[in-house]
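Pasted below: structure_18.txt, compact mmCIF, C-alpha atoms.
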# COMPACT_ATOMS: atom_id res chain seq x y z
CA MET A 1 -38.18 -20.62 24.66
CA SER A 2 -38.33 -21.74 21.02
CA ASP A 3 -35.48 -23.29 19.04
CA PRO A 4 -32.87 -20.86 17.69
CA ILE A 5 -33.28 -19.97 14.00
CA LEU A 6 -30.30 -19.53 11.70
CA HIS A 7 -30.78 -17.06 8.84
CA GLU A 8 -28.33 -18.41 6.28
CA ASP A 9 -27.08 -19.08 2.79
CA PRO A 10 -25.96 -22.75 2.80
CA ARG A 11 -22.95 -21.93 0.56
CA SER A 12 -21.48 -19.70 3.28
CA GLY A 13 -18.81 -21.16 5.53
CA ASN A 14 -19.70 -18.60 8.18
CA CYS A 15 -23.21 -20.10 8.29
CA TYR A 16 -21.84 -23.66 8.29
CA LYS A 17 -19.79 -22.94 11.47
CA ILE A 18 -23.00 -22.40 13.38
CA LYS A 19 -24.68 -25.53 12.02
CA LEU A 20 -21.57 -27.59 12.82
CA THR A 21 -21.51 -26.24 16.39
CA ALA A 22 -25.16 -27.19 16.86
CA ALA A 23 -24.59 -30.64 15.30
CA LEU A 24 -21.57 -31.46 17.48
CA LEU A 25 -23.60 -30.46 20.56
CA GLY A 26 -26.80 -32.21 19.41
CA LEU A 27 -28.77 -28.93 19.63
CA PRO A 28 -31.90 -28.20 17.59
CA LEU A 29 -31.49 -25.40 15.03
CA ALA A 30 -34.10 -24.19 12.57
CA THR A 31 -32.98 -22.46 9.36
CA ARG A 32 -34.28 -19.81 6.96
CA GLN A 33 -32.47 -19.72 3.66
CA TYR A 34 -31.52 -16.77 1.46
CA ASP A 35 -29.64 -16.52 -1.84
CA ILE A 36 -26.90 -13.91 -1.32
CA LEU A 37 -26.12 -13.72 -5.03
CA ALA A 38 -29.77 -12.91 -5.78
CA GLY A 39 -29.74 -10.07 -3.23
CA GLU A 40 -32.16 -11.77 -0.85
CA THR A 41 -30.36 -10.33 2.20
CA ARG A 42 -30.69 -6.77 0.82
CA THR A 43 -34.48 -6.61 0.66
CA PRO A 44 -36.25 -3.94 2.77
CA GLU A 45 -37.80 -6.74 4.86
CA PHE A 46 -34.44 -8.35 5.65
CA LEU A 47 -32.80 -4.99 6.48
CA ALA A 48 -35.71 -3.97 8.72
CA ASN A 49 -36.25 -7.28 10.52
CA VAL A 50 -33.08 -9.37 10.49
CA ASN A 51 -29.91 -7.33 9.98
CA PRO A 52 -29.60 -3.67 8.89
CA ASN A 53 -26.13 -4.55 7.51
CA GLY A 54 -27.67 -6.96 4.99
CA ARG A 55 -25.38 -9.78 6.02
CA ILE A 56 -25.76 -13.37 7.06
CA PRO A 57 -25.42 -15.43 9.18
CA VAL A 58 -27.76 -14.07 11.83
CA LEU A 59 -28.85 -16.25 14.73
CA GLU A 60 -32.37 -15.49 15.96
CA ILE A 61 -33.01 -16.33 19.61
CA ASP A 62 -36.49 -15.53 20.95
CA ASP A 63 -36.92 -12.50 18.65
CA ARG A 64 -33.41 -11.20 19.30
CA PHE A 65 -30.97 -11.16 16.38
CA LEU A 66 -27.27 -11.95 16.71
CA PRO A 67 -24.98 -11.34 13.69
CA GLU A 68 -21.35 -12.54 13.35
CA SER A 69 -20.73 -16.25 12.96
CA ASN A 70 -18.24 -16.69 15.78
CA ALA A 71 -20.46 -14.83 18.26
CA ALA A 72 -23.35 -17.13 17.31
CA CYS A 73 -21.14 -20.19 17.90
CA TRP A 74 -20.18 -18.76 21.30
CA TYR A 75 -23.84 -18.30 22.21
CA LEU A 76 -24.80 -21.84 21.18
CA ALA A 77 -21.81 -23.47 22.89
CA GLY A 78 -22.80 -21.95 26.25
CA ASP A 79 -21.27 -24.01 29.07
CA SER A 80 -20.42 -26.99 26.87
CA ALA A 81 -17.01 -28.60 26.44
CA LEU A 82 -16.52 -26.68 23.16
CA ILE A 83 -15.36 -23.71 25.28
CA PRO A 84 -12.51 -24.42 27.70
CA ARG A 85 -13.10 -23.11 31.23
CA ASP A 86 -9.48 -22.28 32.09
CA ARG A 87 -8.95 -18.52 31.73
CA PHE A 88 -5.81 -18.70 29.59
CA ALA A 89 -7.15 -21.52 27.40
CA GLN A 90 -10.37 -19.57 26.81
CA ALA A 91 -8.35 -16.53 25.72
CA GLU A 92 -6.28 -18.78 23.43
CA MET A 93 -9.44 -20.12 21.83
CA LEU A 94 -10.64 -16.57 21.19
CA ARG A 95 -7.19 -15.70 19.88
CA TRP A 96 -7.63 -18.22 17.03
CA MET A 97 -11.22 -17.09 16.42
CA PHE A 98 -10.11 -13.45 16.07
CA PHE A 99 -7.27 -14.63 13.82
CA GLU A 100 -9.88 -16.41 11.72
CA GLN A 101 -11.91 -13.23 11.26
CA ASN A 102 -8.91 -10.95 10.71
CA SER A 103 -6.29 -12.98 8.82
CA HIS A 104 -8.09 -16.00 7.36
CA GLU A 105 -11.70 -15.29 6.34
CA PRO A 106 -11.12 -11.95 4.54
CA ASN A 107 -8.55 -13.66 2.30
CA ILE A 108 -9.45 -17.34 1.97
CA ALA A 109 -13.25 -17.03 2.05
CA THR A 110 -13.26 -13.96 -0.20
CA LEU A 111 -11.15 -15.62 -2.91
CA ARG A 112 -13.43 -18.68 -2.77
CA PHE A 113 -16.47 -16.44 -3.15
CA TRP A 114 -14.97 -14.50 -6.04
CA LEU A 115 -13.49 -17.45 -7.96
CA HIS A 116 -15.98 -20.24 -7.20
CA PHE A 117 -19.31 -18.36 -7.06
CA VAL A 118 -18.94 -15.00 -8.83
CA GLY A 119 -16.40 -16.15 -11.42
CA GLU A 120 -13.11 -14.45 -12.30
CA ALA A 121 -14.48 -12.95 -15.53
CA GLN A 122 -17.23 -11.17 -13.60
CA LEU A 123 -14.93 -9.53 -11.03
CA SER A 124 -14.60 -5.75 -10.98
CA PRO A 125 -11.19 -4.18 -11.65
CA GLN A 126 -11.15 -3.22 -7.95
CA GLN A 127 -11.68 -6.85 -6.90
CA LYS A 128 -9.07 -8.12 -9.34
CA ALA A 129 -6.59 -5.61 -7.94
CA GLN A 130 -6.97 -7.13 -4.46
CA MET A 131 -6.47 -10.75 -5.48
CA MET A 132 -2.72 -10.96 -5.13
CA ALA A 133 -2.68 -9.39 -1.66
CA LYS A 134 -5.41 -11.80 -0.55
CA ARG A 135 -3.54 -14.77 -2.01
CA ILE A 136 -0.36 -13.90 -0.10
CA ALA A 137 -2.16 -13.15 3.19
CA GLY A 138 -4.24 -16.34 2.85
CA CYS A 139 -1.09 -18.45 2.38
CA ASP A 140 0.41 -16.76 5.46
CA ALA A 141 -2.68 -17.68 7.49
CA LEU A 142 -2.53 -21.32 6.35
CA ALA A 143 1.18 -21.44 7.19
CA SER A 144 0.47 -20.16 10.72
CA MET A 145 -2.16 -22.85 11.19
CA ASP A 146 0.11 -25.58 9.81
CA ARG A 147 2.96 -24.53 12.11
CA HIS A 148 0.66 -24.78 15.11
CA LEU A 149 -0.90 -28.07 14.04
CA ALA A 150 2.50 -29.66 13.47
CA LYS A 151 2.83 -29.68 17.28
CA HIS A 152 -0.80 -29.87 18.46
CA ALA A 153 -3.77 -32.07 17.52
CA TRP A 154 -6.26 -29.24 18.16
CA PHE A 155 -5.96 -25.45 18.29
CA VAL A 156 -6.35 -25.26 22.06
CA GLY A 157 -5.60 -27.92 24.64
CA GLY A 158 -6.34 -31.58 24.05
CA ALA A 159 -9.80 -31.46 22.48
CA VAL A 160 -11.90 -29.81 19.80
CA SER A 161 -13.12 -26.28 20.64
CA LEU A 162 -14.88 -23.46 18.81
CA ALA A 163 -11.48 -22.41 17.44
CA ASP A 164 -11.31 -25.63 15.39
CA ILE A 165 -14.89 -25.20 14.16
CA ALA A 166 -14.32 -21.57 13.16
CA LEU A 167 -11.14 -22.41 11.24
CA PHE A 168 -12.48 -25.61 9.66
CA ALA A 169 -15.25 -23.84 7.75
CA TYR A 170 -13.16 -21.95 5.20
CA THR A 171 -10.03 -24.12 5.41
CA HIS A 172 -11.69 -27.29 4.14
CA THR A 173 -13.05 -25.34 1.14
CA ALA A 174 -9.84 -23.35 0.53
CA GLU A 175 -9.11 -25.21 -2.72
CA GLU A 176 -12.27 -23.66 -4.20
CA GLY A 177 -10.43 -20.34 -3.78
CA GLY A 178 -7.31 -21.66 -5.48
CA PHE A 179 -5.27 -22.51 -2.37
CA GLY A 180 -3.40 -25.83 -2.62
CA LEU A 181 -3.70 -27.61 0.72
CA GLY A 182 -1.02 -30.15 -0.27
CA ASP A 183 1.58 -27.67 1.00
CA TYR A 184 0.19 -27.92 4.53
CA PRO A 185 0.33 -31.57 5.69
CA SER A 186 -0.58 -30.88 9.32
CA ILE A 187 -3.72 -29.05 8.20
CA GLY A 188 -4.69 -32.12 6.16
CA ALA A 189 -4.41 -34.43 9.17
CA TRP A 190 -6.43 -32.01 11.32
CA LEU A 191 -9.18 -31.77 8.67
CA ASP A 192 -9.46 -35.57 8.89
CA ARG A 193 -9.69 -35.42 12.69
CA MET A 194 -12.49 -32.87 12.37
CA ARG A 195 -14.42 -35.08 9.91
CA GLY A 196 -14.13 -38.00 12.36
CA LEU A 197 -15.79 -36.20 15.28
CA PRO A 198 -19.03 -37.77 16.60
CA GLY A 199 -21.94 -35.71 15.26
CA PHE A 200 -19.88 -34.14 12.45
CA ILE A 201 -21.94 -32.94 9.47
CA PRO A 202 -20.53 -31.93 6.08
CA MET A 203 -21.09 -28.47 4.64
CA GLN A 204 -23.95 -29.16 2.23
CA MET B 1 2.64 -14.73 39.45
CA SER B 2 4.38 -11.70 37.95
CA ASP B 3 2.66 -8.77 36.23
CA PRO B 4 1.60 -9.36 32.62
CA ILE B 5 3.96 -7.89 30.00
CA LEU B 6 2.67 -6.28 26.81
CA HIS B 7 4.96 -6.56 23.79
CA GLU B 8 3.92 -3.51 21.79
CA ASP B 9 4.49 -0.62 19.41
CA PRO B 10 2.85 2.40 21.07
CA ARG B 11 1.59 3.69 17.70
CA SER B 12 -0.60 0.58 17.29
CA GLY B 13 -4.27 0.87 18.23
CA ASN B 14 -4.35 -2.89 18.78
CA CYS B 15 -1.72 -2.45 21.51
CA TYR B 16 -3.54 0.56 22.98
CA LYS B 17 -6.73 -1.52 23.49
CA ILE B 18 -4.87 -3.73 25.95
CA LYS B 19 -3.36 -0.77 27.84
CA LEU B 20 -6.77 0.92 28.02
CA THR B 21 -8.36 -2.28 29.38
CA ALA B 22 -5.68 -2.52 32.08
CA ALA B 23 -6.03 1.20 32.91
CA LEU B 24 -9.83 1.08 33.25
CA LEU B 25 -9.46 -1.91 35.57
CA GLY B 26 -6.52 -0.47 37.52
CA LEU B 27 -4.36 -3.51 36.66
CA PRO B 28 -0.55 -3.43 36.52
CA LEU B 29 0.91 -3.97 33.04
CA ALA B 30 4.58 -3.90 32.08
CA THR B 31 5.55 -3.10 28.48
CA ARG B 32 8.35 -3.96 26.04
CA GLN B 33 8.49 -1.67 23.03
CA TYR B 34 9.34 -2.47 19.41
CA ASP B 35 9.46 -0.30 16.26
CA ILE B 36 7.36 -2.14 13.65
CA LEU B 37 8.58 0.09 10.83
CA ALA B 38 12.20 -0.74 11.70
CA GLY B 39 11.42 -4.47 11.54
CA GLU B 40 11.97 -5.06 15.25
CA THR B 41 9.17 -7.68 15.37
CA ARG B 42 10.80 -9.66 12.56
CA THR B 43 14.13 -10.41 14.23
CA PRO B 44 15.06 -14.08 14.80
CA GLU B 45 14.81 -13.46 18.58
CA PHE B 46 11.28 -12.07 18.37
CA LEU B 47 10.10 -14.84 16.04
CA ALA B 48 11.62 -17.54 18.26
CA ASN B 49 10.58 -16.17 21.65
CA VAL B 50 7.52 -13.93 21.31
CA ASN B 51 5.47 -14.63 18.17
CA PRO B 52 6.44 -16.73 15.13
CA ASN B 53 4.03 -14.58 13.06
CA GLY B 54 6.15 -11.47 13.73
CA ARG B 55 3.17 -9.49 14.94
CA ILE B 56 2.29 -7.41 17.94
CA PRO B 57 0.57 -7.04 20.33
CA VAL B 58 1.47 -10.12 22.33
CA LEU B 59 0.54 -10.39 26.00
CA GLU B 60 3.05 -12.38 28.06
CA ILE B 61 1.62 -14.05 31.15
CA ASP B 62 4.03 -16.13 33.21
CA ASP B 63 6.11 -17.17 30.19
CA ARG B 64 3.06 -17.91 28.05
CA PHE B 65 2.46 -15.73 25.00
CA LEU B 66 -0.98 -14.62 23.82
CA PRO B 67 -1.29 -12.83 20.44
CA GLU B 68 -4.41 -11.03 19.14
CA SER B 69 -5.43 -7.81 20.83
CA ASN B 70 -9.03 -8.71 21.60
CA ALA B 71 -8.05 -12.06 23.12
CA ALA B 72 -5.56 -10.24 25.36
CA CYS B 73 -8.30 -7.81 26.48
CA TRP B 74 -10.54 -10.80 27.24
CA TYR B 75 -7.81 -12.39 29.36
CA LEU B 76 -7.15 -9.20 31.35
CA ALA B 77 -10.84 -8.43 31.89
CA GLY B 78 -11.40 -11.81 33.56
CA ASP B 79 -14.47 -11.64 35.78
CA SER B 80 -14.65 -7.83 35.78
CA ALA B 81 -17.64 -5.70 34.79
CA LEU B 82 -16.04 -5.11 31.36
CA ILE B 83 -17.52 -8.48 30.30
CA PRO B 84 -21.29 -8.85 30.81
CA ARG B 85 -22.31 -12.12 32.48
CA ASP B 86 -25.64 -12.60 30.71
CA ARG B 87 -25.22 -15.19 27.95
CA PHE B 88 -26.82 -13.17 25.17
CA ALA B 89 -25.12 -9.91 26.18
CA GLN B 90 -21.75 -11.67 26.25
CA ALA B 91 -22.35 -12.98 22.72
CA GLU B 92 -23.36 -9.47 21.62
CA MET B 93 -20.14 -8.07 23.03
CA LEU B 94 -18.14 -10.65 21.09
CA ARG B 95 -20.25 -9.88 18.03
CA TRP B 96 -18.91 -6.29 18.00
CA MET B 97 -15.37 -7.48 18.74
CA PHE B 98 -15.45 -9.87 15.76
CA PHE B 99 -16.95 -7.07 13.65
CA GLU B 100 -14.02 -4.91 14.73
CA GLN B 101 -11.47 -7.47 13.54
CA ASN B 102 -13.31 -8.35 10.32
CA SER B 103 -14.97 -5.14 9.07
CA HIS B 104 -13.26 -2.26 10.88
CA GLU B 105 -9.58 -2.86 11.64
CA PRO B 106 -8.56 -4.26 8.21
CA ASN B 107 -9.92 -1.10 6.58
CA ILE B 108 -9.67 1.78 9.04
CA ALA B 109 -6.45 0.78 10.80
CA THR B 110 -4.75 -0.24 7.56
CA LEU B 111 -5.49 3.08 5.82
CA ARG B 112 -4.20 4.94 8.89
CA PHE B 113 -1.02 2.88 8.84
CA TRP B 114 -0.49 3.39 5.11
CA LEU B 115 -1.32 7.11 4.97
CA HIS B 116 -0.11 8.34 8.36
CA PHE B 117 2.99 6.20 8.98
CA VAL B 118 4.19 4.72 5.67
CA GLY B 119 3.11 7.66 3.48
CA GLU B 120 1.10 7.46 0.26
CA ALA B 121 4.14 8.02 -1.97
CA GLN B 122 5.82 4.95 -0.46
CA LEU B 123 2.91 2.56 -1.00
CA SER B 124 3.31 -0.35 -3.42
CA PRO B 125 1.04 -0.52 -6.49
CA GLN B 126 -0.65 -3.50 -4.77
CA GLN B 127 -1.40 -1.42 -1.68
CA LYS B 128 -2.62 1.53 -3.75
CA ALA B 129 -4.96 -0.79 -5.64
CA GLN B 130 -6.64 -1.79 -2.36
CA MET B 131 -7.23 1.73 -1.05
CA MET B 132 -10.64 2.39 -2.60
CA ALA B 133 -12.11 -0.93 -1.41
CA LYS B 134 -10.80 -0.25 2.10
CA ARG B 135 -12.20 3.28 2.05
CA ILE B 136 -15.69 2.06 1.13
CA ALA B 137 -15.66 -0.84 3.60
CA GLY B 138 -14.35 1.44 6.37
CA CYS B 139 -17.16 3.94 5.78
CA ASP B 140 -19.66 1.05 5.92
CA ALA B 141 -18.23 -0.03 9.28
CA LEU B 142 -18.47 3.51 10.69
CA ALA B 143 -22.05 3.79 9.42
CA SER B 144 -22.97 0.52 11.20
CA MET B 145 -21.48 1.85 14.44
CA ASP B 146 -23.21 5.21 14.10
CA ARG B 147 -26.59 3.54 13.46
CA HIS B 148 -26.20 1.48 16.63
CA LEU B 149 -24.94 4.40 18.73
CA ALA B 150 -27.85 6.61 17.64
CA LYS B 151 -30.03 4.36 19.85
CA HIS B 152 -27.58 3.12 22.51
CA ALA B 153 -25.02 4.85 24.73
CA TRP B 154 -22.70 1.81 24.67
CA PHE B 155 -22.31 -1.14 22.32
CA VAL B 156 -23.82 -3.64 24.73
CA GLY B 157 -26.23 -3.00 27.57
CA GLY B 158 -26.00 0.06 29.78
CA ALA B 159 -22.29 0.26 30.47
CA VAL B 160 -18.86 0.21 28.85
CA SER B 161 -17.59 -3.25 27.85
CA LEU B 162 -14.66 -4.66 25.89
CA ALA B 163 -16.65 -4.01 22.71
CA ASP B 164 -16.37 -0.25 23.29
CA ILE B 165 -12.65 -0.50 24.06
CA ALA B 166 -11.94 -2.61 20.96
CA LEU B 167 -13.84 -0.20 18.70
CA PHE B 168 -12.51 2.98 20.32
CA ALA B 169 -8.88 2.26 19.45
CA TYR B 170 -9.03 2.72 15.67
CA THR B 171 -12.18 4.85 15.56
CA HIS B 172 -10.73 7.78 17.51
CA THR B 173 -7.71 7.82 15.16
CA ALA B 174 -9.74 7.24 11.97
CA GLU B 175 -9.09 10.78 10.70
CA GLU B 176 -5.39 9.88 10.42
CA GLY B 177 -6.53 7.41 7.77
CA GLY B 178 -8.57 10.03 5.94
CA PHE B 179 -12.00 9.20 7.38
CA GLY B 180 -14.09 12.26 8.29
CA LEU B 181 -15.84 11.58 11.58
CA GLY B 182 -18.10 14.63 11.17
CA ASP B 183 -20.44 12.41 9.16
CA TYR B 184 -21.09 10.22 12.20
CA PRO B 185 -22.46 12.38 15.05
CA SER B 186 -23.40 9.49 17.33
CA ILE B 187 -19.84 8.17 17.11
CA GLY B 188 -18.56 11.60 18.20
CA ALA B 189 -20.74 11.63 21.31
CA TRP B 190 -19.66 8.07 22.18
CA LEU B 191 -15.96 8.97 21.78
CA ASP B 192 -16.54 11.73 24.34
CA ARG B 193 -18.23 9.29 26.74
CA MET B 194 -15.22 6.98 26.41
CA ARG B 195 -12.77 9.81 27.17
CA GLY B 196 -14.78 10.63 30.30
CA LEU B 197 -14.50 7.17 31.87
CA PRO B 198 -12.71 6.98 35.25
CA GLY B 199 -9.21 5.66 34.63
CA PHE B 200 -9.23 6.53 30.91
CA ILE B 201 -5.78 7.00 29.36
CA PRO B 202 -5.11 8.55 25.94
CA MET B 203 -3.26 6.63 23.26
CA GLN B 204 0.23 8.11 23.55
Exercise: express the given structure as structure tokens:
Amino acid sequence: MSDPILHEDPRSGNCYKIKLTAALLGLPLATRQYDILAGETRTPEFLANVNPNGRIPVLEIDDRFLPESNAACWYLAGDSALIPRDRFAQAEMLRWMFFEQNSHEPNIATLRFWLHFVGEAQLSPQQKAQMMAKRIAGCDALASMDRHLAKHAWFVGGAVSLADIALFAYTHTAEEGGFGLGDYPSIGAWLDRMRGLPGFIPMQ
Amino acid sequence: MSDPILHEDPRSGNCYKIKLTAALLGLPLATRQYDILAGETRTPEFLANVNPNGRIPVLEIDDRFLPESNAACWYLAGDSALIPRDRFAQAEMLRWMFFEQNSHEPNIATLRFWLHFVGEAQLSPQQKAQMMAKRIAGCDALASMDRHLAKHAWFVGGAVSLADIALFAYTHTAEEGGFGLGDYPSIGAWLDRMRGLPGFIPMQ
């Protein structure tokens, strides 16, 4: 069995989640890099061999290809302490990971991509028309996190889990999408706890 | 330990997923019903006791409250055959469940809610401005599903799993959101396989 290979663009928080999971667990992880903005995940080769959806991240494990960042984190974490064993706690961890994909990433990551990488002047009228809805929904997601973190050090139980990793990726870069994190003091303290974890690696 | 209680609006596909999981497994499930459109999940009582986000579904298990439909399905499925045990297959199942929450539900379920329940004439300018992007992204999601189902009877392995249940909920009602399923023949055949499962219950 060879080391897993992450097909990634290093600017993507979804890709970073997987690298952070591997780093916290001390697991080897090879990478292949693509420039999303240059269309390198839309080439015939990529679509035929890596992901027919043209998206990254994809985790390659012995010639099998696994898309979706949080599923790749789940695979890597295996039986480690990053996934609680208790049935309810495990469901709670997944609850925050589904929240991340449904209420957080589509708003907070998308505004970061549009404003920080594409540039507001380059946005289509259709993209511009979605900005306000994404701003409001992103603030709602941050408020939900802050409310939870005001009472708990981590998203589930007494230790870091995949839920924290999944939510860290696009929360710690939220200001690049125009979200002011000063309004969410409990998020700020949790970001610092994340950065202090043994094995932690920054995004770039 | 008392029976789990589902806090739900029966018109919601996210709530139906949880009822379908329980039905396929023959598990008891009590329900408490709320009218989302009448604001019944935004009352001070609901926010204080069930979910501070004002959303359903929420699964109540011995006075603990679990939001997020796919997390609730995971909890109910426990060690059953609806969750494959193989590590890669389990990650693949979660891959489709994260896809459902990120690429499918925000587009296909939202257009159904806006067009079928709220009514196009009642939509805000902000909602109207998002319709075209949601239409395109929803068609992309259906095309991804159809491509997979052209080669596989189920989303993961050789049997129904939570991935099929999660994706069935808003796919079988997609026409209420203006999506024509005739363009996706492999999805049609899979919907029929789902309806033929022992224990299957329809949405209403």
Spatial neighbours of Phe117 in chain A, max dist 12 Å, all atoms listed in the file, sep filter under 5 positions, as a count of residues only:
14
Select from chain B every residue with an atom at most 8 Å from any atom of chain A, then for each give the shortest pair of atoms and their distance in Å to one decimal, using all atoms listed in the file, rows by chain and rising number, as CSV.
residue,atom,partner,partner_atom,distance
B:Asn53,CA,A:Ser144,CA,7.0
B:Leu66,CA,A:Glu92,CA,6.7
B:Pro67,CA,A:Arg95,CA,6.6
B:Glu68,CA,A:Arg95,CA,5.5
B:Asn70,CA,A:Phe98,CA,7.4
B:Ala71,CA,A:Arg95,CA,4.9
B:Ala72,CA,A:Ala91,CA,6.9
B:Trp74,CA,A:Ala91,CA,6.3
B:Tyr75,CA,A:Ala91,CA,5.5
B:Gly78,CA,A:Arg87,CA,7.4
B:Arg87,CA,A:Tyr75,CA,6.7
B:Phe88,CA,A:Tyr75,CA,6.6
B:Ala91,CA,A:Ala71,CA,5.2
B:Glu92,CA,A:Leu66,CA,6.7
B:Leu94,CA,A:Ala71,CA,5.6
B:Arg95,CA,A:Ala71,CA,5.0
B:Phe98,CA,A:Phe98,CA,6.4
B:Phe99,CA,A:Glu68,CA,7.0
B:Gln101,CA,A:Asn102,CA,5.2
B:Asn102,CA,A:Asn102,CA,5.1
B:Pro106,CA,A:Asn102,CA,7.2
B:Gln126,CA,A:Ala133,CA,7.0
B:Ala129,CA,A:Ala129,CA,5.6
B:Gln130,CA,A:Gln130,CA,5.7
B:Met132,CA,A:Gln126,CA,7.8
B:Ala133,CA,A:Gln126,CA,7.0
B:Ser144,CA,A:Asn53,CA,7.0
Could you save the residues just selected, with C-alpha atoms, as a PDB file, in the coordinates of the input?
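Just written: again36.pdb:
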ATOM      1  CA  ASN B  53       4.030 -14.580  13.060  1.00  0.00           C
ATOM      2  CA  LEU B  66      -0.980 -14.620  23.820  1.00  0.00           C
ATOM      3  CA  PRO B  67      -1.290 -12.830  20.440  1.00  0.00           C
ATOM      4  CA  GLU B  68      -4.410 -11.030  19.140  1.00  0.00           C
ATOM      5  CA  ASN B  70      -9.030  -8.710  21.600  1.00  0.00           C
ATOM      6  CA  ALA B  71      -8.050 -12.060  23.120  1.00  0.00           C
ATOM      7  CA  ALA B  72      -5.560 -10.240  25.360  1.00  0.00           C
ATOM      8  CA  TRP B  74     -10.540 -10.800  27.240  1.00  0.00           C
ATOM      9  CA  TYR B  75      -7.810 -12.390  29.360  1.00  0.00           C
ATOM     10  CA  GLY B  78     -11.400 -11.810  33.560  1.00  0.00           C
ATOM     11  CA  ARG B  87     -25.220 -15.190  27.950  1.00  0.00           C
ATOM     12  CA  PHE B  88     -26.820 -13.170  25.170  1.00  0.00           C
ATOM     13  CA  ALA B  91     -22.350 -12.980  22.720  1.00  0.00           C
ATOM     14  CA  GLU B  92     -23.360  -9.470  21.620  1.00  0.00           C
ATOM     15  CA  LEU B  94     -18.140 -10.650  21.090  1.00  0.00           C
ATOM     16  CA  ARG B  95     -20.250  -9.880  18.030  1.00  0.00           C
ATOM     17  CA  PHE B  98     -15.450  -9.870  15.760  1.00  0.00           C
ATOM     18  CA  PHE B  99     -16.950  -7.070  13.650  1.00  0.00           C
ATOM     19  CA  GLN B 101     -11.470  -7.470  13.540  1.00  0.00           C
ATOM     20  CA  ASN B 102     -13.310  -8.350  10.320  1.00  0.00           C
ATOM     21  CA  PRO B 106      -8.560  -4.260   8.210  1.00  0.00           C
ATOM     22  CA  GLN B 126      -0.650  -3.500  -4.770  1.00  0.00           C
ATOM     23  CA  ALA B 129      -4.960  -0.790  -5.640  1.00  0.00           C
ATOM     24  CA  GLN B 130      -6.640  -1.790  -2.360  1.00  0.00           C
ATOM     25  CA  MET B 132     -10.640   2.390  -2.600  1.00  0.00           C
ATOM     26  CA  ALA B 133     -12.110  -0.930  -1.410  1.00  0.00           C
ATOM     27  CA  SER B 144     -22.970   0.520  11.200  1.00  0.00           C
TER      28      SER B 144
END
Correct to one decimal, the distance CA of Val156 in chain A-CA of Arg85 in chain A is 11.6 Å
If I put a ball of radius 12 Å at (-12.5, 1.4, 23.1) in the file's coordinates, which residues poke into it when counting all atoms listed in the file, written as a PyMOL selection string?
chain B and resi 13-24+69-70+73+82+96-97+100+154-155+160-173+187+190-197+200-203
Please indicate the distance in Å from CA of Ile5 in chain A to CA of Ala81 in chain A, rounded to one decimal place.
22.2 Å
Around range 54-69 of chain B, with edges along x, y and z and 4 Å added on all six sides, what centre and edge lengths do you get, in Å to one decimal, as AutoDock Vina command-line options?
--center_x 0.4 --center_y -12.5 --center_z 23.5 --size_x 19.6 --size_y 18.9 --size_z 27.5
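Between CA of Ile136 in chain A and CA of Glu8 in chain B there is a distance of 24.6 Å.
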